[in-house]
Structures are given as C-alpha cells and as structure tokens.
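Asks: There's a structure below that I have some questions on.
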2 protein chains.
Amino acid sequence: MTNEIQIQWKGNMAFNADSMGGSFKIDAGTESGGEGNGLRPKALMLTSLAGCSGLDIVSLLKKMRAEVDHLEINVTGELTEEHPKYYDKVHMEYVFYGSSFKKDKIKKAIQLSVDQYCGVMAMFKKFADVSISEKYIEQ
Amino acid sequence: MTNEIQIQWKGNMAFNADSMGGSFKIDAGTESGGEGNGLRPKALMLTSLAGCSGLDIVSLLKKMRAEVDHLEINVTGELTEEHPKYYDKVHMEYVFYGSSFKKDKIKKAIQLSVDQYCGVMAMFKKFADVSISEKYIEQ
C-alpha cells in the first residue's frame, strides 16, 4: 500500500497540507519566523503515533468486550539539542475513564498495539527510547 | 526541548487531536471501521516530513536570495505488507515554480535540509529508504 500527501507553500513559513482524510495549515511559530497560524510539523509525528495506537486500542477493546467510557492519550517527545533535532525519548500515557475496568484485557490491548500492530510505534522504536504508562480514572 | 500532544476519543474510531499550533479530527477510513471524517494518523508522518523540510527550504532560499514563486512537495510512502506496517520506501519530490531559477542554491538548500537540518528526515532515515527528486516549472 502506498500513501501520498502534498504540501503547497503559501508565503513566509506557511503551507497548506493535503493529507489523507483532510487538509490543514502548517506554520512555524513566531520564534522561528512564522506566524503560528498552523500546525507544527514535528509535533505531528507524535500525533501520528497517538492516533495509530489509539485506533488499535479502541478497536481491540471493542473486540475484547472491554470497552471504557473515554480514552485520552498524552504523548511527550524530547528533542535532541543538536541538529538535526529528533525525538530521542518518547513517553505515551494512556488514560482510561470508566468503571469496572477489565484491566487484564486493557493491558493486553496496549501490549498488542505497542508490540505488534502499530506501525508508527515500530518506526519510532527505530530512533527513540519509547516508554509507556497507563492510568485508570473511575467515574 | 519537549513537545507534547494529546488525543481524546470521540466514539467509534474518531479522535480529537490537540497538536502544537491547532486541533483537528482523526478518523479511520470506512474500510477500517471508521467513517473517514478525519485525518489518517499514518499519513501524518509523511506530512510531518514534508512540512519539516518545506520550512527549511523556504527559510534557506530566503537567506540565499534564491526565492521561487511557489513550492510544492509531494511525498509518497510505501508501507510494508506485514504488521506492523511501516514505511520502508519514501520518495520526496520538490517542485519549484518560477523563472531564472538559481539551481545551484536550490540544490544546496535541499541538500542542507535532507542531510543536516530536518530532524524528521533524520528519523525517517532510521527506518526507510528515502529518495529525493526535484522539478522546475518555468512560468
């Protein structure tokens, strides 16, 4: 399978991006000569990681009949000091909201995503030290 | 430096993403149980790559006094057949629009982005075979 995207320059540091499923604006922050009117490209790597694993998790929890009320995923990526600046440490926190959690199944779903299904995770593991944590919020 | 993002589940395969510089929707396509009402996470990796290098290029061309009228970047990523599906081959095409191109400077800007500045490119090189091409459209 092949994925294709395009970006078009819109002056100064602004671009329009046509990515699969929609279009959006890219811009650098004011500290980097942009106007901050768009998404920062490097942070999109982290959002890609969260989205990829998030889709795995909600799909697996449904199949396992271990649904939760709500799920948030927080990703923190530490960039190296030197150019080219890449993420060398990444932490993903899965936050589950609900009651009567089926924790064994939830842990299994995370493990399957992280170790087997999530292609973005497989890519991140090639350059970053990725750590995982989970949190359960009873409501 | 640390980058942080969050995604929140919105039912079925839909998420809201708060990434740096803006918010957007993530969804799986109908072929994967979603409704296609949002960006596909894996394609965002390619958009991140294009955006990172695009910001380098327009900034370098300005410094080098080698501006062009317009720039498009097309990225194609081939995914492996087996899970976890990752990009093993990636092609980036830089398309410059203008007249009296300062091609030496433009080539130098691409080379600096690809080899030294673009952190997302450095990450991609850890898992993919990345090829580059450029095209000049006189107008």
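Identifiers in the structure tokens: chain A, B, ... in order shown; residue index from 1 per chain; ligand index from 1 in order shown.
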At a cut-off of 7 Å, list the chain B residues touching chain A, using only C-alpha atoms, as an MDAnalysis selection string.
Replies: chainID B and resid 1:9 13 19:22 26 36:48 50:52 55 58 70:79 83:86 116:120 122:123 126:127
Asks: Residues of chain B classed as alpha helix (DSSP H) by DSSP on the backbone are to be reported as a PyMOL selection string.
Replies: chain B and resi 41-63+103-112+119-124
Asks: Between atom CA of A:Glu138 and atom CA of A:Val68, what is the distance in Å, rounded to a tenth?
Replies: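 About the pair atom CA of A:Glu138 and atom CA of A:Val68: they are 10.2 Å apart.
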Asks: Just the strand (DSSP E) stuff from chain B, please, per backbone DSSP, written as a PyMOL selection string.
Replies: chain B and resi 2-9+15-19+22-26+70-79+87-98+129-138
Asks: How many Å lie between atom CA of A:Val130 and atom CA of B:Leu112, rounded to one decimal?
Replies: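 So the two atoms, atom CA of A:Val130 and atom CA of B:Leu112, lie 28.4 Å apart.
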Asks: Grab the atom CA of A:Lys135 to atom CA of A:Tyr97 distance for me, in Å with one decimal place.
Replies: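 So the two atoms, atom CA of A:Lys135 and atom CA of A:Tyr97, lie 8.6 Å apart.
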Asks: Taking only C-alpha atoms into account, which of A:Ile106, A:Thr30, A:Ile132, A:Ile137 comes nearest A:Glu67?
Replies: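 The shortest atom-to-atom distance to A:Glu67 comes from A:Ile106.
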